[in-house]
file model-v3.csv (CSV, C-alpha atoms)
chain,number,residue,atom,x,y,z
A,155,MET,CA,-11.6,2.3,-35.7
A,156,LYS,CA,-10.0,0.7,-32.6
A,157,ASN,CA,-9.5,2.9,-29.5
A,158,ASN,CA,-6.1,2.2,-27.8
A,159,ASN,CA,-7.8,2.7,-24.4
A,160,ASP,CA,-9.9,-0.3,-25.0
A,161,GLN,CA,-7.2,-2.8,-23.9
A,162,ASN,CA,-8.6,-5.8,-22.1
A,163,PRO,CA,-8.3,-5.1,-18.4
A,164,LYS,CA,-7.3,-8.1,-16.3
A,165,ASP,CA,-10.2,-9.9,-14.8
A,166,GLU,CA,-10.2,-9.5,-11.0
A,167,THR,CA,-10.4,-13.3,-10.6
A,168,GLU,CA,-7.5,-14.1,-12.9
A,169,LEU,CA,-4.6,-15.5,-11.0
A,170,ASP,CA,-1.1,-14.2,-11.5
A,171,ALA,CA,0.5,-17.2,-9.7
A,172,MET,CA,-0.3,-20.4,-7.9
A,173,PHE,CA,2.2,-21.6,-5.3
A,174,LYS,CA,2.5,-24.8,-3.3
A,175,ILE,CA,3.8,-24.3,0.2
A,176,CYS,CA,4.9,-27.2,2.5
A,177,PHE,CA,4.6,-26.8,6.3
A,178,PHE,CA,6.9,-29.1,8.2
A,179,GLY,CA,8.2,-29.6,11.7
A,180,ASP,CA,7.7,-31.8,14.7
A,181,GLY,CA,4.2,-32.8,15.9
A,182,GLY,CA,2.4,-30.5,18.3
A,183,VAL,CA,4.2,-27.3,17.3
A,184,GLY,CA,1.0,-25.6,16.0
A,185,LYS,CA,1.2,-26.0,12.2
A,186,THR,CA,-2.4,-27.1,11.8
A,187,THR,CA,-3.6,-24.4,14.3
A,188,LEU,CA,-1.7,-21.7,12.4
A,189,ILE,CA,-3.1,-22.7,9.1
A,190,GLY,CA,-6.6,-23.0,10.5
A,191,ARG,CA,-6.3,-19.5,12.0
A,192,TYR,CA,-5.1,-18.1,8.7
A,193,ILE,CA,-7.8,-19.8,6.6
A,194,THR,CA,-10.8,-19.2,8.9
A,195,GLY,CA,-9.7,-16.4,11.2
A,196,ILE,CA,-10.6,-18.7,14.2
A,197,PHE,CA,-8.3,-20.1,16.9
A,198,LYS,CA,-9.1,-23.7,17.6
A,199,SER,CA,-7.3,-24.9,20.7
A,200,ASN,CA,-8.3,-28.6,20.5
A,201,GLN,CA,-6.9,-29.3,17.1
A,202,SER,CA,-6.6,-33.0,16.3
A,203,LEU,CA,-3.4,-34.6,15.1
A,204,THR,CA,-2.7,-34.4,11.4
A,205,ILE,CA,-2.5,-37.9,9.8
A,206,GLY,CA,-0.3,-37.9,6.7
A,207,VAL,CA,-1.0,-34.5,5.1
A,208,ASP,CA,-3.8,-31.9,4.9
A,209,PHE,CA,-4.4,-29.5,2.0
A,210,HIS,CA,-5.9,-26.0,2.0
A,211,VAL,CA,-6.1,-23.3,-0.6
A,212,LYS,CA,-6.4,-19.5,-0.1
A,213,LYS,CA,-6.2,-16.7,-2.6
A,214,ILE,CA,-4.4,-13.5,-1.5
A,215,LYS,CA,-3.3,-10.2,-3.0
A,216,VAL,CA,0.4,-9.5,-2.7
A,217,ASN,CA,2.2,-6.7,-4.5
A,218,ASP,CA,-0.8,-6.2,-6.8
A,219,LYS,CA,-0.7,-9.8,-7.8
A,220,LEU,CA,-3.5,-12.3,-7.2
A,221,VAL,CA,-1.9,-15.4,-5.8
A,222,SER,CA,-3.4,-18.8,-5.0
A,223,LEU,CA,-1.6,-20.5,-2.1
A,224,GLN,CA,-1.8,-24.3,-1.9
A,225,ILE,CA,-0.9,-25.0,1.7
A,226,TRP,CA,0.2,-28.5,2.5
A,227,ASP,CA,0.2,-29.3,6.2
A,228,PHE,CA,2.6,-32.2,6.7
A,229,ALA,CA,2.2,-34.4,9.8
A,230,GLY,CA,5.0,-34.0,12.3
A,231,GLU,CA,5.0,-37.5,13.7
A,232,SER,CA,8.3,-39.3,12.9
A,233,ARG,CA,6.3,-42.3,11.4
A,234,PHE,CA,5.2,-40.0,8.5
A,235,ARG,CA,8.5,-38.3,7.7
A,236,PHE,CA,9.4,-40.7,4.9
A,237,LEU,CA,6.4,-39.3,3.0
A,238,LEU,CA,7.6,-35.7,3.0
A,239,PRO,CA,10.0,-35.8,0.0
A,240,SER,CA,7.2,-37.0,-2.3
A,241,TYR,CA,4.9,-34.2,-1.1
A,242,VAL,CA,7.7,-31.6,-1.6
A,243,ILE,CA,7.7,-32.3,-5.4
A,244,GLY,CA,6.3,-29.2,-7.1
A,245,ALA,CA,6.6,-27.0,-4.0
A,246,SER,CA,7.4,-23.3,-4.5
A,247,GLY,CA,8.4,-22.7,-0.8
A,248,GLY,CA,8.4,-24.2,2.7
A,249,ILE,CA,7.8,-23.2,6.2
A,250,PHE,CA,9.6,-24.9,9.0
A,251,MET,CA,7.7,-24.4,12.3
A,252,TYR,CA,8.8,-25.0,15.9
A,253,ASP,CA,7.3,-24.3,19.3
A,254,MET,CA,9.3,-21.5,21.1
A,255,THR,CA,8.2,-23.0,24.4
A,256,ARG,CA,9.7,-26.4,23.6
A,257,PHE,CA,13.4,-26.4,22.9
A,258,SER,CA,13.1,-30.1,21.8
A,259,SER,CA,10.9,-28.9,18.8
A,260,LEU,CA,14.1,-27.5,17.2
A,261,LYS,CA,16.1,-30.7,17.8
A,262,ASN,CA,15.0,-32.3,14.5
A,263,PHE,CA,15.4,-29.2,12.5
A,264,PRO,CA,18.5,-30.4,10.5
A,265,GLU,CA,16.7,-33.7,9.7
A,266,TRP,CA,13.5,-31.8,8.6
A,267,ILE,CA,15.5,-29.5,6.3
A,268,GLU,CA,17.4,-32.4,4.8
A,269,ILE,CA,14.2,-34.3,4.1
A,270,PHE,CA,12.6,-31.2,2.6
A,271,LYS,CA,15.6,-30.7,0.3
A,272,LYS,CA,15.5,-34.3,-0.8
A,273,GLY,CA,12.1,-33.8,-2.3
A,274,PHE,CA,13.1,-30.7,-4.2
A,275,VAL,CA,14.4,-31.4,-7.6
A,276,GLY,CA,15.3,-28.2,-9.4
A,277,ALA,CA,18.1,-25.9,-10.4
A,278,PRO,CA,20.6,-25.7,-7.6
A,279,ASP,CA,21.0,-21.9,-8.1
A,280,LYS,CA,17.2,-21.6,-7.5
A,281,GLN,CA,17.0,-22.7,-3.9
A,282,LEU,CA,13.4,-22.9,-2.7
A,283,PRO,CA,12.6,-20.1,-0.2
A,284,VAL,CA,12.1,-21.6,3.3
A,285,ILE,CA,11.3,-19.5,6.3
A,286,MET,CA,11.4,-20.5,10.0
A,287,VAL,CA,8.3,-19.8,12.1
A,288,GLY,CA,8.3,-19.8,15.9
A,289,SER,CA,4.8,-20.5,17.3
A,290,LYS,CA,3.1,-19.7,20.5
A,291,LEU,CA,4.3,-16.1,20.8
A,292,ASP,CA,1.4,-15.5,23.3
A,293,LEU,CA,3.3,-17.8,25.6
A,294,SER,CA,6.6,-15.9,25.4
A,295,TYR,CA,6.9,-15.9,29.2
A,296,LYS,CA,7.5,-19.7,28.8
A,297,ARG,CA,10.0,-19.2,26.1
A,298,ALA,CA,12.7,-22.0,25.8
A,299,VAL,CA,14.2,-20.7,22.6
A,300,SER,CA,15.4,-17.1,22.3
A,301,SER,CA,14.6,-15.1,19.2
A,302,LYS,CA,18.3,-14.7,18.5
A,303,GLU,CA,19.0,-18.4,18.8
A,304,ALA,CA,16.3,-19.3,16.3
A,305,PHE,CA,17.2,-16.4,14.0
A,306,ASP,CA,20.9,-17.5,14.0
A,307,LEU,CA,19.9,-21.1,13.3
A,308,ALA,CA,17.7,-20.0,10.3
A,309,LYS,CA,20.6,-17.8,9.0
A,310,GLU,CA,23.1,-20.6,9.4
A,311,GLN,CA,20.9,-22.9,7.3
A,312,ASN,CA,20.5,-20.2,4.6
A,313,LEU,CA,16.7,-19.9,5.3
A,314,TYR,CA,15.0,-16.8,3.8
A,315,GLY,CA,13.6,-15.4,7.0
A,316,TYR,CA,12.4,-15.9,10.6
A,317,ILE,CA,9.0,-14.9,12.1
A,318,GLU,CA,7.4,-15.4,15.4
A,319,CYS,CA,3.6,-15.7,15.6
A,320,SER,CA,0.6,-16.5,17.8
A,321,SER,CA,-2.3,-18.5,16.4
A,322,LYS,CA,-4.2,-17.7,19.6
A,323,ASP,CA,-4.1,-13.9,19.5
A,324,GLY,CA,-3.4,-13.6,15.7
A,325,ARG,CA,-0.1,-11.8,15.9
A,326,ASN,CA,2.0,-12.0,12.7
A,327,ILE,CA,-0.3,-14.8,11.2
A,328,GLU,CA,-0.8,-12.8,7.9
A,329,ASP,CA,2.9,-11.9,7.9
A,330,VAL,CA,3.9,-15.5,7.7
A,331,PHE,CA,1.9,-16.1,4.5
A,332,THR,CA,2.6,-12.7,2.9
A,333,GLU,CA,6.4,-13.1,3.5
A,334,ILE,CA,6.6,-16.5,1.9
A,335,ALA,CA,4.3,-15.4,-1.0
A,336,LYS,CA,6.6,-12.4,-1.7
A,337,LEU,CA,9.6,-14.7,-1.7
A,338,MET,CA,8.0,-17.1,-4.1
A,339,LEU,CA,6.9,-14.3,-6.4
A,340,THR,CA,10.4,-13.0,-6.5
A,341,ARG,CA,11.8,-16.4,-7.2
A,342,ALA,CA,9.3,-16.9,-10.0
A,343,GLY,CA,10.3,-13.5,-11.5
A,344,LEU,CA,6.9,-11.9,-10.9
call {"tool": "encode", "arguments": {"input": "model-v3.csv", "output": "structure tokens"}}
result
Amino acid sequence: MKNNNDQNPKDETELDAMFKICFFGDGGVGKTTLIGRYITGIFKSNQSLTIGVDFHVKKIKVNDKLVSLQIWDFAGESRFRFLLPSYVIGASGGIFMYDMTRFSSLKNFPEWIEIFKKGFVGAPDKQLPVIMVGSKLDLSYKRAVSSKEAFDLAKEQNLYGYIECSSKDGRNIEDVFTEIAKLMLTRAGL
């Protein structure tokens, strides 16, 4: 006789979802440093320039779901921009990052968004969630872009959110990844 309480419990290592996230934005804004801090918990101030693309994986628990994040760190140098559309294929979300102490790091935002959207081929009613992240919050006394200005720009471009963080002191690092993961889970209907 079978007991109804003997249902197969889900294995703790069984993934509920796997998502590809593309990080993009100008060079030197802190994308690689942010990802490194998130993956290792360590702030590395002398991060070397990303050539092409770097790839990292981290499993996290969000809303009782085990999610594997495939984090694609795209080089910010203009000579690599033509590669971005091919790396966006299969993405579940994106993070545009700028340096709040350098107004010029927002200058190429429209171009970055356009390049990112070119690589996404999907249902137009299922826009990929993209959030804007302002880096170097620990240097807010050197701020060149106000929170309101960046938030308004993100809203104007129909992005899904705006977060400021500091890789140096760790503020809001987890929030960046948790927020994009929640958005991707919602988009996937999970």
call {"tool": "atom_distance", "arguments": {"input": "model-v3.csv", "atom1": "CA of Phe270 in chain A", "atom2": "CA of Leu339 in chain A"}}
result
20.0 Å
call {"tool": "closest_residue", "arguments": {"input": "model-v3.csv", "among": "A:Val284, A:Met338, A:Met254, A:Cys319", "to": "Met172 in chain A", "atoms": "only C-alpha atoms"}}
result
A:Met338
call {"tool": "closest_atom_pairs", "arguments": {"input": "model-v3.csv", "of": "range 216-270 of chain A", "to": "range 289-306 of chain A", "cutoff": "6 Å", "atoms": "only C-alpha atoms", "output": "tab-separated table"}}
result
residue	atom	partner	partner_atom	distance
A:Asp253	CA	A:Ser289	CA	5.0
A:Met254	CA	A:Val299	CA	5.2
A:Thr255	CA	A:Arg297	CA	4.5
A:Arg256	CA	A:Ala298	CA	5.8
A:Phe257	CA	A:Ala298	CA	5.3
call {"tool": "residues_around", "arguments": {"input": "model-v3.csv", "residues": "Thr186 in chain A", "least_positions_apart": "2", "cutoff": "10 Å", "atoms": "all atoms listed in the file", "output": "PyMOL selection string"}}
result
chain A and resi 177+181-184+188-192+198+201-204+208+226-229+321
call {"tool": "write_last_selection", "arguments": {"input": "model-v3.csv", "atoms": "C-alpha atoms", "output": "PDB file, keeping the file's coordinate frame"}}
result
ATOM      1  CA  PHE A 177       4.600 -26.800   6.300  1.00  0.00           C
ATOM      2  CA  GLY A 181       4.200 -32.800  15.900  1.00  0.00           C
ATOM      3  CA  GLY A 182       2.400 -30.500  18.300  1.00  0.00           C
ATOM      4  CA  VAL A 183       4.200 -27.300  17.300  1.00  0.00           C
ATOM      5  CA  GLY A 184       1.000 -25.600  16.000  1.00  0.00           C
ATOM      6  CA  LEU A 188      -1.700 -21.700  12.400  1.00  0.00           C
ATOM      7  CA  ILE A 189      -3.100 -22.700   9.100  1.00  0.00           C
ATOM      8  CA  GLY A 190      -6.600 -23.000  10.500  1.00  0.00           C
ATOM      9  CA  ARG A 191      -6.300 -19.500  12.000  1.00  0.00           C
ATOM     10  CA  TYR A 192      -5.100 -18.100   8.700  1.00  0.00           C
ATOM     11  CA  LYS A 198      -9.100 -23.700  17.600  1.00  0.00           C
ATOM     12  CA  GLN A 201      -6.900 -29.300  17.100  1.00  0.00           C
ATOM     13  CA  SER A 202      -6.600 -33.000  16.300  1.00  0.00           C
ATOM     14  CA  LEU A 203      -3.400 -34.600  15.100  1.00  0.00           C
ATOM     15  CA  THR A 204      -2.700 -34.400  11.400  1.00  0.00           C
ATOM     16  CA  ASP A 208      -3.800 -31.900   4.900  1.00  0.00           C
ATOM     17  CA  TRP A 226       0.200 -28.500   2.500  1.00  0.00           C
ATOM     18  CA  ASP A 227       0.200 -29.300   6.200  1.00  0.00           C
ATOM     19  CA  PHE A 228       2.600 -32.200   6.700  1.00  0.00           C
ATOM     20  CA  ALA A 229       2.200 -34.400   9.800  1.00  0.00           C
ATOM     21  CA  SER A 321      -2.300 -18.500  16.400  1.00  0.00           C
TER      22      SER A 321
END
call {"tool": "atom_distance", "arguments": {"input": "model-v3.csv", "atom1": "CA of Ala342 in chain A", "atom2": "CA of Val211 in chain A"}}
result
19.1 Å
call {"tool": "atom_distance", "arguments": {"input": "model-v3.csv", "atom1": "CA of Ile214 in chain A", "atom2": "CA of Ala335 in chain A"}}
result
8.9 Å
call {"tool": "residues_around", "arguments": {"input": "model-v3.csv", "residues": "range 242-248 of chain A", "least_positions_apart": "4", "cutoff": "9 Å", "atoms": "all atoms listed in the file", "output": "count of residues only"}}
result
25
call {"tool": "closest_residue", "arguments": {"input": "model-v3.csv", "among": "A:Glu333, A:Lys322, A:Gln224, A:Gly179", "to": "Leu260 in chain A", "atoms": "all atoms listed in the file"}}
result
A:Gly179
call {"tool": "closest_residue", "arguments": {"input": "model-v3.csv", "among": "A:Met251, A:Leu307, A:Leu169, A:Ile193", "to": "Glu328 in chain A", "atoms": "all atoms listed in the file"}}
result
A:Ile193
call {"tool": "decode", "arguments": {"input": "model-v3.csv", "residues": "range 174-273 of chain A", "atoms": "C-alpha atoms", "output": "JSON list (two decimals), in the first residue's frame"}}
result
[["chain", "number", "residue", "atom", "x", "y", "z"],
["A", 174, "LYS", "CA", 21.91, 34.07, -18.52],
["A", 175, "ILE", "CA", 22.60, 37.66, -17.47],
["A", 176, "CYS", "CA", 24.62, 40.05, -19.65],
["A", 177, "PHE", "CA", 26.53, 42.88, -17.95],
["A", 178, "PHE", "CA", 27.27, 45.77, -20.29],
["A", 179, "GLY", "CA", 28.43, 49.38, -20.13],
["A", 180, "ASP", "CA", 31.55, 51.45, -20.76],
["A", 181, "GLY", "CA", 34.99, 50.25, -19.73],
["A", 182, "GLY", "CA", 36.19, 51.07, -16.23],
["A", 183, "VAL", "CA", 32.73, 51.41, -14.64],
["A", 184, "GLY", "CA", 33.29, 48.44, -12.33],
["A", 185, "LYS", "CA", 31.44, 45.54, -13.97],
["A", 186, "THR", "CA", 34.21, 42.99, -13.39],
["A", 187, "THR", "CA", 34.87, 44.28, -9.87],
["A", 188, "LEU", "CA", 31.16, 44.02, -8.97],
["A", 189, "ILE", "CA", 30.91, 40.48, -10.33],
["A", 190, "GLY", "CA", 34.12, 39.48, -8.54],
["A", 191, "ARG", "CA", 32.84, 40.88, -5.26],
["A", 192, "TYR", "CA", 29.55, 39.02, -5.70],
["A", 193, "ILE", "CA", 31.15, 35.68, -6.63],
["A", 194, "THR", "CA", 34.04, 35.71, -4.11],
["A", 195, "GLY", "CA", 33.01, 38.28, -1.50],
["A", 196, "ILE", "CA", 36.37, 39.99, -2.04],
["A", 197, "PHE", "CA", 36.96, 43.52, -3.33],
["A", 198, "LYS", "CA", 39.81, 43.64, -5.81],
["A", 199, "SER", "CA", 40.85, 47.22, -6.58],
["A", 200, "ASN", "CA", 43.40, 46.42, -9.30],
["A", 201, "GLN", "CA", 41.07, 44.52, -11.62],
["A", 202, "SER", "CA", 42.47, 43.97, -15.11],
["A", 203, "LEU", "CA", 40.63, 45.03, -18.25],
["A", 204, "THR", "CA", 38.15, 42.47, -19.62],
["A", 205, "ILE", "CA", 39.07, 41.35, -23.12],
["A", 206, "GLY", "CA", 35.98, 40.24, -25.05],
["A", 207, "VAL", "CA", 33.81, 38.49, -22.46],
["A", 208, "ASP", "CA", 34.20, 36.70, -19.11],
["A", 209, "PHE", "CA", 31.82, 34.09, -17.79],
["A", 210, "HIS", "CA", 30.87, 33.14, -14.21],
["A", 211, "VAL", "CA", 28.24, 30.92, -12.59],
["A", 212, "LYS", "CA", 26.63, 31.24, -9.17],
["A", 213, "LYS", "CA", 23.70, 29.39, -7.63],
["A", 214, "ILE", "CA", 21.37, 31.36, -5.40],
["A", 215, "LYS", "CA", 18.08, 30.84, -3.60],
["A", 216, "VAL", "CA", 15.37, 33.36, -4.55],
["A", 217, "ASN", "CA", 11.71, 33.08, -3.52],
["A", 218, "ASP", "CA", 12.29, 29.44, -2.48],
["A", 219, "LYS", "CA", 13.67, 28.66, -5.94],
["A", 220, "LEU", "CA", 17.20, 27.42, -6.62],
["A", 221, "VAL", "CA", 18.52, 29.49, -9.51],
["A", 222, "SER", "CA", 21.76, 29.21, -11.43],
["A", 223, "LEU", "CA", 22.96, 32.57, -12.71],
["A", 224, "GLN", "CA", 25.24, 32.49, -15.75],
["A", 225, "ILE", "CA", 26.88, 35.90, -15.55],
["A", 226, "TRP", "CA", 28.40, 37.21, -18.78],
["A", 227, "ASP", "CA", 30.77, 40.14, -18.21],
["A", 228, "PHE", "CA", 31.06, 41.99, -21.50],
["A", 229, "ALA", "CA", 34.09, 44.20, -22.21],
["A", 230, "GLY", "CA", 33.26, 47.89, -22.25],
["A", 231, "GLU", "CA", 35.84, 49.02, -24.76],
["A", 232, "SER", "CA", 34.28, 50.28, -28.01],
["A", 233, "ARG", "CA", 36.36, 47.88, -30.12],
["A", 234, "PHE", "CA", 34.42, 44.94, -28.60],
["A", 235, "ARG", "CA", 30.88, 46.36, -28.92],
["A", 236, "PHE", "CA", 30.18, 44.63, -32.22],
["A", 237, "LEU", "CA", 30.37, 41.29, -30.36],
["A", 238, "LEU", "CA", 27.61, 42.08, -27.84],
["A", 239, "PRO", "CA", 24.56, 41.14, -29.99],
["A", 240, "SER", "CA", 25.91, 37.61, -30.47],
["A", 241, "TYR", "CA", 26.51, 37.23, -26.72],
["A", 242, "VAL", "CA", 23.00, 38.44, -25.88],
["A", 243, "ILE", "CA", 21.44, 35.48, -27.70],
["A", 244, "GLY", "CA", 19.82, 33.28, -25.08],
["A", 245, "ALA", "CA", 19.97, 35.95, -22.37],
["A", 246, "SER", "CA", 17.25, 36.13, -19.75],
["A", 247, "GLY", "CA", 18.15, 39.61, -18.51],
["A", 248, "GLY", "CA", 20.69, 42.39, -18.61],
["A", 249, "ILE", "CA", 22.45, 44.83, -16.33],
["A", 250, "PHE", "CA", 23.64, 48.15, -17.70],
["A", 251, "MET", "CA", 26.29, 49.58, -15.42],
["A", 252, "TYR", "CA", 27.72, 53.08, -15.19],
["A", 253, "ASP", "CA", 30.09, 54.90, -12.82],
["A", 254, "MET", "CA", 28.22, 57.53, -10.80],
["A", 255, "THR", "CA", 31.43, 59.56, -10.48],
["A", 256, "ARG", "CA", 31.85, 59.80, -14.27],
["A", 257, "PHE", "CA", 28.99, 61.45, -16.16],
["A", 258, "SER", "CA", 30.62, 60.35, -19.42],
["A", 259, "SER", "CA", 29.93, 56.69, -18.51],
["A", 260, "LEU", "CA", 26.23, 57.38, -19.22],
["A", 261, "LYS", "CA", 26.97, 59.03, -22.57],
["A", 262, "ASN", "CA", 26.88, 55.74, -24.49],
["A", 263, "PHE", "CA", 23.80, 54.39, -22.68],
["A", 264, "PRO", "CA", 21.44, 54.69, -25.71],
["A", 265, "GLU", "CA", 23.98, 52.88, -27.91],
["A", 266, "TRP", "CA", 24.48, 50.11, -25.33],
["A", 267, "ILE", "CA", 20.73, 49.55, -24.99],
["A", 268, "GLU", "CA", 20.30, 49.48, -28.77],
["A", 269, "ILE", "CA", 23.15, 46.96, -29.17],
["A", 270, "PHE", "CA", 21.71, 44.82, -26.36],
["A", 271, "LYS", "CA", 18.23, 44.83, -27.93],
["A", 272, "LYS", "CA", 19.65, 43.86, -31.35],
["A", 273, "GLY", "CA", 20.92, 40.62, -29.88]]
